[in-house]
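Next up, query.tsv (TSV, C-alpha atoms):
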chain	number	residue	atom	x	y	z
P	152	MET	CA	3.97	-63.05	36.04
P	153	SER	CA	3.82	-66.23	33.93
P	154	VAL	CA	6.69	-66.94	31.60
P	155	LEU	CA	4.28	-67.31	28.68
P	156	TYR	CA	2.63	-63.94	29.28
P	157	ASN	CA	6.00	-62.27	29.65
P	158	ALA	CA	7.10	-63.82	26.36
P	159	TYR	CA	3.86	-62.72	24.68
P	160	CYS	CA	4.45	-59.10	25.75
P	161	ARG	CA	8.02	-59.13	24.47
P	162	VAL	CA	7.05	-60.64	21.13
P	163	TYR	CA	4.25	-58.07	20.74
P	164	GLN	CA	6.63	-55.21	21.55
P	165	THR	CA	9.28	-56.46	19.12
P	166	ILE	CA	6.81	-56.80	16.27
P	167	TYR	CA	5.39	-53.36	16.98
P	168	LYS	CA	8.86	-51.80	17.21
P	169	TYR	CA	9.73	-52.84	13.67
P	170	ALA	CA	6.25	-52.40	12.21
P	171	VAL	CA	6.23	-48.69	13.07
P	172	TYR	CA	9.16	-48.14	10.70
P	173	LEU	CA	6.48	-48.26	7.99
P	174	LEU	CA	4.69	-45.21	9.42
P	175	ASP	CA	5.21	-41.56	8.56
P	176	TRP	CA	7.45	-40.00	11.21
P	177	THR	CA	7.75	-36.54	9.65
P	178	GLU	CA	8.47	-34.06	12.43
P	179	PRO	CA	6.63	-30.76	12.75
P	180	GLU	CA	8.15	-27.67	11.19
P	181	LEU	CA	9.51	-25.48	13.99
P	182	ILE	CA	9.07	-21.76	14.56
P	183	LYS	CA	11.31	-20.82	17.48
P	184	GLY	CA	12.42	-17.89	19.58
P	185	ALA	CA	11.01	-15.05	21.64
P	186	GLY	CA	7.92	-13.56	20.01
P	187	SER	CA	7.76	-16.33	17.40
P	188	VAL	CA	4.03	-16.93	17.95
P	189	LYS	CA	3.39	-13.79	15.89
P	190	LYS	CA	4.89	-15.54	12.86
P	191	LEU	CA	2.34	-18.34	12.94
P	192	PRO	CA	-0.61	-16.62	11.18
P	193	CYS	CA	1.45	-15.97	8.02
P	194	GLU	CA	2.50	-19.63	8.07
P	195	VAL	CA	-1.14	-20.66	8.37
P	196	LYS	CA	-2.17	-18.39	5.48
P	197	SER	CA	0.72	-19.61	3.30
P	198	ARG	CA	-0.79	-23.10	3.52
P	199	GLY	CA	-4.05	-21.89	2.00
P	200	ILE	CA	-5.94	-21.85	5.30
P	201	ASP	CA	-8.06	-18.75	5.93
P	202	ASN	CA	-10.32	-19.94	8.75
P	203	VAL	CA	-9.22	-21.74	11.93
P	204	LEU	CA	-10.56	-22.97	15.24
P	205	VAL	CA	-8.34	-21.88	18.13
P	206	VAL	CA	-8.51	-24.45	20.94
P	207	THR	CA	-7.45	-23.17	24.34
P	208	ASP	CA	-8.71	-22.71	27.91
P	209	LYS	CA	-10.37	-19.91	29.84
P	210	GLY	CA	-7.32	-19.35	32.02
P	211	LEU	CA	-5.22	-18.39	29.02
P	212	THR	CA	-7.88	-16.25	27.40
P	213	GLY	CA	-8.46	-14.51	30.74
P	214	LEU	CA	-4.77	-13.64	30.95
P	215	GLY	CA	-4.87	-12.13	27.46
P	216	LEU	CA	-2.09	-14.45	26.36
P	217	LEU	CA	-3.67	-14.98	22.96
P	218	ASN	CA	-4.17	-11.32	22.11
P	219	GLY	CA	-0.95	-11.10	20.09
P	220	LEU	CA	-1.97	-14.16	18.09
P	221	TYR	CA	-5.44	-12.75	17.44
P	222	GLY	CA	-3.99	-9.49	16.17
P	223	GLU	CA	-1.66	-11.24	13.74
P	224	LEU	CA	-4.45	-13.53	12.51
P	225	ASP	CA	-6.47	-10.42	11.69
P	226	LYS	CA	-3.53	-8.87	9.84
P	227	ALA	CA	-2.96	-12.07	7.86
P	228	GLY	CA	-6.62	-12.28	6.88
P	229	VAL	CA	-7.24	-15.51	8.75
P	230	ALA	CA	-10.68	-15.76	10.34
P	231	TYR	CA	-10.83	-17.52	13.68
P	232	THR	CA	-13.29	-19.00	16.13
P	233	VAL	CA	-12.20	-19.59	19.73
P	234	TYR	CA	-13.09	-22.64	21.80
P	235	ASP	CA	-11.82	-22.01	25.33
P	236	GLY	CA	-13.86	-24.58	27.21
P	237	VAL	CA	-11.04	-27.11	27.57
P	238	GLN	CA	-10.84	-28.57	31.07
P	239	PRO	CA	-7.54	-29.56	32.77
P	240	ASN	CA	-8.21	-33.17	31.76
P	241	PRO	CA	-10.17	-32.68	28.51
P	242	THR	CA	-13.37	-34.68	28.36
P	243	ILE	CA	-15.30	-36.32	25.56
P	244	GLY	CA	-17.79	-33.46	25.96
P	245	ASN	CA	-15.02	-30.92	25.31
P	246	ILE	CA	-14.12	-32.72	22.11
P	247	GLU	CA	-17.67	-32.78	20.84
P	248	GLU	CA	-18.15	-29.07	21.62
P	249	ALA	CA	-15.00	-28.22	19.68
P	250	VAL	CA	-16.07	-30.39	16.73
P	251	SER	CA	-19.45	-28.66	16.59
P	252	LEU	CA	-17.84	-25.20	16.60
P	253	TYR	CA	-15.38	-26.24	13.90
P	254	LYS	CA	-18.14	-27.44	11.61
P	255	ALA	CA	-20.59	-24.61	12.34
P	256	ASN	CA	-18.00	-21.96	11.47
P	257	GLY	CA	-16.57	-23.59	8.36
P	258	CYS	CA	-13.06	-23.88	9.80
P	259	LYS	CA	-10.26	-25.38	7.73
P	260	GLY	CA	-7.57	-25.88	10.35
P	261	LEU	CA	-6.85	-26.04	14.09
P	262	ILE	CA	-4.55	-24.02	16.33
P	263	ALA	CA	-3.90	-25.66	19.71
P	264	PHE	CA	-2.77	-22.99	22.19
P	265	GLY	CA	-1.86	-23.98	25.72
P	266	GLY	CA	-0.59	-26.94	27.68
P	267	GLY	CA	-1.24	-30.60	27.06
P	268	SER	CA	-4.98	-30.31	27.62
P	269	PRO	CA	-5.78	-27.90	24.75
P	270	MET	CA	-3.45	-29.88	22.50
P	271	ASP	CA	-5.10	-33.18	23.39
P	272	CYS	CA	-8.49	-31.58	22.78
P	273	ALA	CA	-7.44	-30.19	19.39
P	274	LYS	CA	-5.93	-33.50	18.31
P	275	ALA	CA	-8.99	-35.49	19.34
P	276	CYS	CA	-11.20	-32.88	17.65
P	277	GLY	CA	-9.21	-33.41	14.46
P	278	ALA	CA	-9.57	-37.16	14.81
P	279	ARG	CA	-13.33	-36.90	15.18
P	280	ILE	CA	-13.55	-34.62	12.15
P	281	ALA	CA	-11.51	-37.10	10.12
P	282	ARG	CA	-13.53	-40.05	11.46
P	283	PRO	CA	-17.10	-38.84	12.06
P	284	ASP	CA	-18.17	-42.49	12.12
P	285	LYS	CA	-16.14	-43.16	15.27
P	286	THR	CA	-16.71	-42.03	18.86
P	287	VAL	CA	-13.77	-41.02	21.05
P	288	PRO	CA	-13.80	-44.37	22.92
P	289	GLU	CA	-13.81	-46.17	19.55
P	290	LEU	CA	-10.69	-44.24	18.53
P	291	ARG	CA	-8.87	-45.34	21.69
P	292	GLY	CA	-5.73	-47.36	21.12
P	293	GLN	CA	-3.26	-47.66	18.28
P	294	LEU	CA	-3.74	-46.53	14.67
P	295	LYS	CA	-7.51	-46.06	14.80
P	296	VAL	CA	-7.64	-42.66	13.05
P	297	LEU	CA	-5.82	-43.57	9.82
P	298	LYS	CA	-7.36	-40.69	7.85
P	299	LYS	CA	-5.92	-37.20	7.39
P	300	ILE	CA	-7.03	-34.71	10.03
P	301	PRO	CA	-7.35	-30.94	9.42
P	302	PRO	CA	-3.98	-29.12	9.49
P	303	LEU	CA	-2.95	-28.72	13.12
P	304	PHE	CA	-0.68	-25.98	14.48
P	305	ALA	CA	0.57	-26.31	18.06
P	306	VAL	CA	1.62	-23.50	20.40
P	307	PRO	CA	2.75	-24.85	23.80
P	308	THR	CA	2.53	-22.51	26.79
P	309	THR	CA	4.11	-25.02	29.17
P	310	ALA	CA	7.40	-26.87	28.89
P	311	GLY	CA	6.32	-30.37	29.68
P	312	THR	CA	3.93	-32.41	27.59
P	313	GLY	CA	5.82	-32.29	24.30
P	314	SER	CA	2.41	-32.70	22.71
P	315	GLU	CA	3.43	-30.34	19.94
P	316	THR	CA	5.41	-33.20	18.41
P	317	THR	CA	3.66	-36.36	19.61
P	318	ILE	CA	1.15	-38.66	17.99
P	319	ALA	CA	-0.96	-39.04	21.13
P	320	ALA	CA	-4.08	-37.47	22.58
P	321	VAL	CA	-5.56	-38.38	25.96
P	322	VAL	CA	-9.24	-37.75	26.68
P	323	SER	CA	-11.13	-38.36	29.94
P	324	ASN	CA	-14.43	-40.17	30.10
P	325	PRO	CA	-16.28	-38.64	33.08
P	326	GLU	CA	-18.81	-41.48	33.12
P	327	THR	CA	-16.30	-44.29	33.59
P	328	HIS	CA	-13.45	-42.21	35.09
P	329	GLU	CA	-11.11	-43.63	32.47
P	330	LYS	CA	-8.71	-41.91	30.12
P	331	ASN	CA	-8.86	-42.74	26.42
P	332	ALA	CA	-5.41	-42.61	24.81
P	333	ILE	CA	-5.57	-42.16	21.04
P	334	ASN	CA	-2.29	-42.88	19.25
P	335	ASP	CA	-1.86	-42.30	15.54
P	336	PRO	CA	0.79	-40.46	13.44
P	337	ARG	CA	-2.08	-38.56	11.79
P	338	LEU	CA	-2.44	-36.57	15.03
P	339	ARG	CA	1.03	-35.05	14.80
P	340	PRO	CA	0.97	-31.26	14.34
P	341	LYS	CA	2.26	-29.84	11.07
P	342	VAL	CA	3.89	-26.83	12.76
P	343	ALA	CA	5.06	-26.25	16.34
P	344	VAL	CA	5.80	-22.83	17.81
P	345	LEU	CA	8.35	-22.71	20.65
P	346	ASP	CA	8.03	-19.18	22.05
P	347	PRO	CA	9.59	-18.84	25.52
P	348	GLU	CA	7.79	-15.55	26.17
P	349	LEU	CA	4.55	-17.53	26.46
P	350	THR	CA	5.94	-19.51	29.42
P	351	VAL	CA	7.43	-16.63	31.42
P	352	GLY	CA	4.29	-16.08	33.47
P	353	LEU	CA	3.79	-19.71	34.47
P	354	PRO	CA	3.27	-20.24	38.21
P	355	GLN	CA	5.98	-22.19	40.01
P	356	LYS	CA	3.64	-25.14	40.54
P	357	ILE	CA	3.01	-25.49	36.80
P	358	THR	CA	6.68	-24.93	35.94
P	359	SER	CA	7.77	-27.71	38.29
P	360	THR	CA	5.21	-30.36	37.39
P	361	THR	CA	5.34	-29.81	33.64
P	362	GLY	CA	9.13	-29.84	33.75
P	363	MET	CA	9.11	-33.16	35.58
P	364	ASP	CA	6.56	-34.41	33.05
P	365	ALA	CA	9.12	-33.73	30.32
P	366	LEU	CA	11.80	-35.53	32.31
P	367	THR	CA	9.48	-38.52	32.71
P	368	HIS	CA	9.02	-38.64	28.93
P	369	ALA	CA	12.77	-38.62	28.34
P	370	VAL	CA	13.50	-41.24	31.02
P	371	GLU	CA	10.72	-43.67	30.13
P	372	ALA	CA	11.61	-43.47	26.45
P	373	TYR	CA	15.31	-44.01	27.17
P	374	ILE	CA	15.04	-47.01	29.48
P	375	GLY	CA	12.51	-48.81	27.27
P	376	ARG	CA	13.33	-51.45	24.68
P	377	SER	CA	12.07	-49.67	21.56
P	378	ASN	CA	14.72	-46.98	21.25
P	379	THR	CA	16.42	-45.86	18.07
P	380	LYS	CA	19.67	-43.96	17.75
P	381	ASP	CA	17.70	-40.74	17.31
P	382	THR	CA	15.39	-41.26	20.29
P	383	ARG	CA	18.34	-42.02	22.56
P	384	LYS	CA	20.10	-38.85	21.43
P	385	ALA	CA	16.96	-36.75	21.92
P	386	ALA	CA	16.31	-38.21	25.38
P	387	GLU	CA	19.88	-37.63	26.53
P	388	LYS	CA	19.84	-34.01	25.37
P	389	ALA	CA	16.44	-33.40	26.93
P	390	THR	CA	17.60	-34.85	30.24
P	391	LYS	CA	20.71	-32.65	30.26
P	392	LEU	CA	18.67	-29.52	29.47
P	393	ILE	CA	16.17	-30.30	32.23
P	394	PHE	CA	18.80	-31.03	34.86
P	395	ASP	CA	20.57	-27.76	33.96
P	396	ASN	CA	17.52	-25.50	33.73
P	397	ILE	CA	14.49	-26.70	35.66
P	398	LEU	CA	15.44	-25.18	39.02
P	399	THR	CA	16.37	-21.87	37.37
P	400	ALA	CA	13.03	-21.77	35.53
P	401	TYR	CA	11.28	-22.62	38.81
P	402	GLU	CA	13.11	-20.07	40.96
P	403	ASP	CA	13.49	-17.30	38.36
P	404	GLY	CA	10.48	-17.56	36.07
P	405	LYS	CA	11.50	-14.54	34.01
P	406	ASN	CA	14.80	-16.12	32.96
P	407	LEU	CA	14.16	-16.35	29.21
P	408	THR	CA	17.16	-18.60	28.56
P	409	ALA	CA	16.01	-21.20	31.07
P	410	ARG	CA	12.47	-21.01	29.70
P	411	GLU	CA	13.71	-21.48	26.15
P	412	ASN	CA	15.88	-24.42	27.15
P	413	MET	CA	12.98	-26.08	28.95
P	414	LEU	CA	10.79	-25.69	25.85
P	415	GLU	CA	13.49	-27.34	23.76
P	416	ALA	CA	13.84	-30.12	26.34
P	417	SER	CA	10.10	-30.73	26.30
P	418	TYR	CA	10.09	-30.92	22.52
P	419	LEU	CA	13.06	-33.32	22.42
P	420	ALA	CA	11.53	-35.54	25.10
P	421	GLY	CA	8.35	-35.57	23.02
P	422	LEU	CA	10.33	-36.66	19.98
P	423	ALA	CA	11.84	-39.47	22.04
P	424	PHE	CA	8.72	-40.94	23.58
P	425	THR	CA	6.46	-40.57	20.57
P	426	ARG	CA	8.66	-43.15	18.85
P	427	ALA	CA	10.07	-45.13	21.79
P	428	TYR	CA	6.94	-45.03	23.99
P	429	VAL	CA	6.49	-44.41	27.68
P	430	GLY	CA	5.91	-46.91	30.49
P	431	TYR	CA	4.19	-47.66	33.76
P	432	VAL	CA	4.64	-44.15	35.15
P	433	HIS	CA	2.25	-42.91	32.50
P	434	ALA	CA	-0.05	-45.90	32.79
P	435	VAL	CA	-0.64	-45.24	36.48
P	436	ALA	CA	-0.66	-41.45	36.07
P	437	HIS	CA	-3.33	-41.60	33.38
P	438	ASN	CA	-5.58	-43.60	35.65
P	439	LEU	CA	-5.05	-41.37	38.68
P	440	GLY	CA	-6.03	-38.51	36.40
P	441	GLY	CA	-9.11	-40.35	35.21
P	442	MET	CA	-10.15	-41.43	38.70
P	443	TYR	CA	-9.35	-38.29	40.72
P	444	GLY	CA	-8.53	-35.54	38.22
P	445	THR	CA	-4.87	-35.52	39.29
P	446	PRO	CA	-2.87	-33.21	37.00
P	447	HIS	CA	-0.80	-35.35	34.67
P	448	GLY	CA	2.55	-33.66	35.29
P	449	LEU	CA	2.11	-33.86	39.05
P	450	ALA	CA	1.21	-37.54	38.85
P	451	ASN	CA	4.25	-38.34	36.71
P	452	ALA	CA	6.58	-36.40	39.00
P	453	VAL	CA	5.47	-38.29	42.10
P	454	ILE	CA	5.31	-41.73	40.48
P	455	LEU	CA	8.58	-41.64	38.48
P	456	PRO	CA	11.11	-42.51	41.23
P	457	TYR	CA	8.91	-45.31	42.60
P	458	VAL	CA	8.66	-47.01	39.20
P	459	LEU	CA	12.42	-46.66	38.68
P	460	ASP	CA	12.93	-48.27	42.10
P	461	TYR	CA	10.70	-51.15	40.98
P	462	PHE	CA	12.69	-51.75	37.80
P	463	GLY	CA	15.86	-52.15	39.86
P	464	GLU	CA	18.79	-53.76	38.10
P	465	THR	CA	16.87	-54.12	34.82
P	466	ALA	CA	17.19	-50.34	34.39
P	467	TYR	CA	20.58	-49.68	35.94
P	468	LYS	CA	22.52	-49.58	32.67
P	469	PRO	CA	20.39	-46.96	30.84
P	470	LEU	CA	19.89	-44.92	34.01
P	471	ALA	CA	23.66	-44.89	34.54
P	472	LYS	CA	24.07	-43.53	31.01
P	473	LEU	CA	21.48	-40.85	31.71
P	474	ALA	CA	23.32	-39.90	34.90
P	475	ASP	CA	26.45	-39.34	32.83
P	476	ALA	CA	24.51	-37.48	30.13
P	477	ALA	CA	22.97	-35.22	32.77
P	478	GLY	CA	26.43	-34.26	33.99
P	479	LEU	CA	26.16	-35.77	37.47
P	480	GLU	CA	29.35	-36.41	39.43
P	481	THR	CA	29.70	-40.13	38.72
P	482	ALA	CA	33.47	-40.68	38.53
P	483	GLY	CA	34.43	-44.11	39.89
P	484	MET	CA	30.84	-45.23	40.41
P	485	THR	CA	29.35	-48.54	39.35
P	486	GLU	CA	26.29	-48.65	37.08
P	487	GLU	CA	24.09	-49.39	40.08
P	488	GLU	CA	25.50	-46.44	42.02
P	489	LYS	CA	25.02	-44.09	39.05
P	490	ALA	CA	21.45	-45.27	38.54
P	491	LYS	CA	20.58	-44.80	42.21
P	492	LEU	CA	22.19	-41.34	42.16
P	493	PHE	CA	20.00	-40.44	39.19
P	494	ILE	CA	16.85	-41.59	41.01
P	495	ALA	CA	17.93	-39.69	44.12
P	496	LYS	CA	18.36	-36.56	42.02
P	497	ILE	CA	14.76	-36.89	40.80
P	498	ARG	CA	13.58	-37.03	44.39
P	499	GLU	CA	15.74	-34.02	45.19
P	500	PHE	CA	14.17	-32.02	42.34
P	501	ASN	CA	10.71	-32.92	43.62
P	502	LYS	CA	11.57	-31.89	47.16
P	503	ARG	CA	13.16	-28.57	46.14
P	504	MET	CA	10.10	-27.72	44.04
P	505	ASN	CA	7.58	-28.66	46.74
P	506	ILE	CA	6.21	-31.66	44.88
P	507	PRO	CA	4.79	-34.17	47.39
P	508	GLU	CA	6.34	-37.59	47.93
P	509	LYS	CA	2.99	-39.40	47.99
P	510	PHE	CA	-0.72	-38.95	47.24
P	511	ASP	CA	-3.39	-38.48	49.88
P	512	MET	CA	-6.45	-38.95	47.65
P	513	ILE	CA	-6.09	-42.61	46.62
P	514	LYS	CA	-8.81	-44.75	48.18
P	515	GLU	CA	-8.03	-48.34	49.11
P	516	GLU	CA	-11.17	-49.59	47.41
P	517	ASP	CA	-10.04	-47.99	44.13
P	518	VAL	CA	-6.60	-49.60	44.08
P	519	PRO	CA	-7.52	-52.83	42.23
P	520	THR	CA	-9.38	-50.84	39.55
P	521	ILE	CA	-6.50	-48.38	39.07
P	522	ALA	CA	-4.03	-51.27	38.83
P	523	ALA	CA	-6.15	-53.22	36.35
P	524	ARG	CA	-6.66	-50.19	34.12
P	525	ALA	CA	-2.97	-49.24	34.29
P	526	LEU	CA	-1.90	-52.72	33.21
P	527	LYS	CA	-4.53	-52.76	30.47
P	528	GLU	CA	-2.84	-49.66	29.09
P	529	GLY	CA	0.73	-50.79	29.71
P	530	ASN	CA	0.67	-54.48	28.73
P	531	PRO	CA	1.58	-55.66	26.19
P	532	LEU	CA	2.36	-52.33	24.45
P	533	TYR	CA	4.88	-50.49	26.60
P	534	PRO	CA	8.44	-51.87	26.14
P	535	VAL	CA	9.43	-51.45	29.79
P	536	PRO	CA	12.60	-52.94	31.34
P	537	LYS	CA	10.57	-55.31	33.54
P	538	ILE	CA	6.97	-56.38	33.00
P	539	MET	CA	4.66	-55.74	35.91
P	540	ASP	CA	1.92	-58.12	37.06
P	541	PRO	CA	-1.25	-57.16	39.00
P	542	GLY	CA	0.35	-57.81	42.37
P	543	ASP	CA	3.35	-55.64	41.50
P	544	CYS	CA	1.09	-52.82	40.35
P	545	ILE	CA	-1.06	-52.95	43.48
P	546	ASP	CA	2.11	-52.88	45.63
P	547	LEU	CA	3.36	-49.86	43.68
P	548	ILE	CA	0.11	-47.96	44.18
P	549	HIS	CA	0.20	-48.73	47.90
P	550	ARG	CA	3.70	-47.22	48.07
P	551	LEU	CA	2.30	-44.07	46.49
P	552	MET	CA	-0.37	-43.67	49.19
P	553	ALA	CA	0.21	-41.27	52.06

Mind turning the file's structure into structure tokens?
Amino acid sequence: MSVLYNAYCRVYQTIYKYAVYLLDWTEPELIKGAGSVKKLPCEVKSRGIDNVLVVTDKGLTGLGLLNGLYGELDKAGVAYTVYDGVQPNPTIGNIEEAVSLYKANGCKGLIAFGGGSPMDCAKACGARIARPDKTVPELRGQLKVLKKIPPLFAVPTTAGTGSETTIAAVVSNPETHEKNAINDPRLRPKVAVLDPELTVGLPQKITSTTGMDALTHAVEAYIGRSNTKDTRKAAEKATKLIFDNILTAYEDGKNLTARENMLEASYLAGLAFTRAYVGYVHAVAHNLGGMYGTPHGLANAVILPYVLDYFGETAYKPLAKLADAAGLETAGMTEEEKAKLFIAKIREFNKRMNIPEKFDMIKEEDVPTIAARALKEGNPLYPVPKIMDPGDCIDLIHRLMA
């Protein structure tokens, strides 16, 4: 990595860090607690919205998980149209289908119901409605939406993405096998519903990978160079909640307290990274998802310890603080020892929840493309502890290969 390029990245990140103070960082209004999803329709109606598009997926509609919401929408006098065609990595086609339904049915607002994929789809749908002159690829990047989107209400059914409070939407392009990340404060939901009852039926595999997704958000935000006092506090609390509850939620899925705590952790981690950004874990994960359809939470879980290893001493201090915040036994340890204990704990979580150590689908011929696309996303934007060059990224991807 040339000294000049390194300096360019740091200058860019510093300017961006202070420029975003000029943006609107109003957080979503929260509706929390068991059964709280049934309160949402009255909130929607109170905002003068009587017709919404519900964006979800066929898995959730097949389980009947939205039936309670539908009933309350009927009682509140809110008409609704359902788009349940969202794929695990929502595509540009999904977005355009949702936009067409929204317009054809005269909708006035959006309810995103599900994991990160329905929320990304709903956000990108809102962006396209606000900017009909722009395609999804043209909205890719920072602050490309700029105009007000339809009111967006978010109901997470997984404790992981934190998308109910973030300004980001990620959309796959099946033609190029790339992911388009759209980042703009206009995408932030107006209301978020944290109802633990909606997560009780999650399979162990989804519980584990989405939980580690949330941990990745908290960690990458915390070790980066664009933190604020509030993002540090949110990341520390999220990390503590995850360390204390993820295995319980995984092993005893009906434990409502653990489920509620994981939802709160996911939300807090979302608060942290939407302001302090993520890092190379996400950059590589996004491109594995685009290339192979790898679920985002799974990708983050596998990649996280390898990226932390790469950062080495540049991340020891913040990781040591996170080890203390998480309540690990660190008495008498140096910063390096605490940091390495924290990384070891991540690997332990992965092992206990049957998350693989490596990937078996990465093809050698794809490695240069994945690395180039990951660095295109990560540099110069992500304020990581140590800036990665192409050789470093290729080495990292090789370490991820089974």

(request) Go through P:Ala477, P:Met413, P:Leu294, P:Leu345 one by one, measure the shortest atom-to-atom distance of each to P:Lys391 using only C-alpha atoms, and give the residue with the smallest value. (result) P:Ala477

(request) Name all residues at most 8 Å from P:Val458 (count all atoms listed in the file; drop same-chain ones fewer than 2 positions away) and give them as a ChimeraX atom specification. (result) /P:431-432,454-456,460-462,547

For the selection you just gave me, I'd like the residues written to a file as a PDB file, in the coordinates of the input, keeping C-alpha atoms.
ATOM      1  CA  TYR P 431       4.190 -47.660  33.760  1.00  0.00           C
ATOM      2  CA  VAL P 432       4.640 -44.150  35.150  1.00  0.00           C
ATOM      3  CA  ILE P 454       5.310 -41.730  40.480  1.00  0.00           C
ATOM      4  CA  LEU P 455       8.580 -41.640  38.480  1.00  0.00           C
ATOM      5  CA  PRO P 456      11.110 -42.510  41.230  1.00  0.00           C
ATOM      6  CA  ASP P 460      12.930 -48.270  42.100  1.00  0.00           C
ATOM      7  CA  TYR P 461      10.700 -51.150  40.980  1.00  0.00           C
ATOM      8  CA  PHE P 462      12.690 -51.750  37.800  1.00  0.00           C
ATOM      9  CA  LEU P 547       3.360 -49.860  43.680  1.00  0.00           C
TER      10      LEU P 547
END

(request) Please provide as an MDAnalysis selection string all residues within 12 Å of P:Lys168, with the sequence filter that same-chain residues fewer than 4 positions apart are discarded (counting only C-alpha atoms). (result) chainID P and resid 161:164 172:174 375:379 425:428 532:534

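Atom CA of P:Lys491 lies 25.3 Å from atom CA of P:Pro541.
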
(request) Record the distance separating atom CA of P:Ala385 and atom CA of P:Ala452, expressed in Å with one decimal. (result)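 Straight-line distance from atom CA of P:Ala385 to atom CA of P:Ala452 works out to 20.0 Å.
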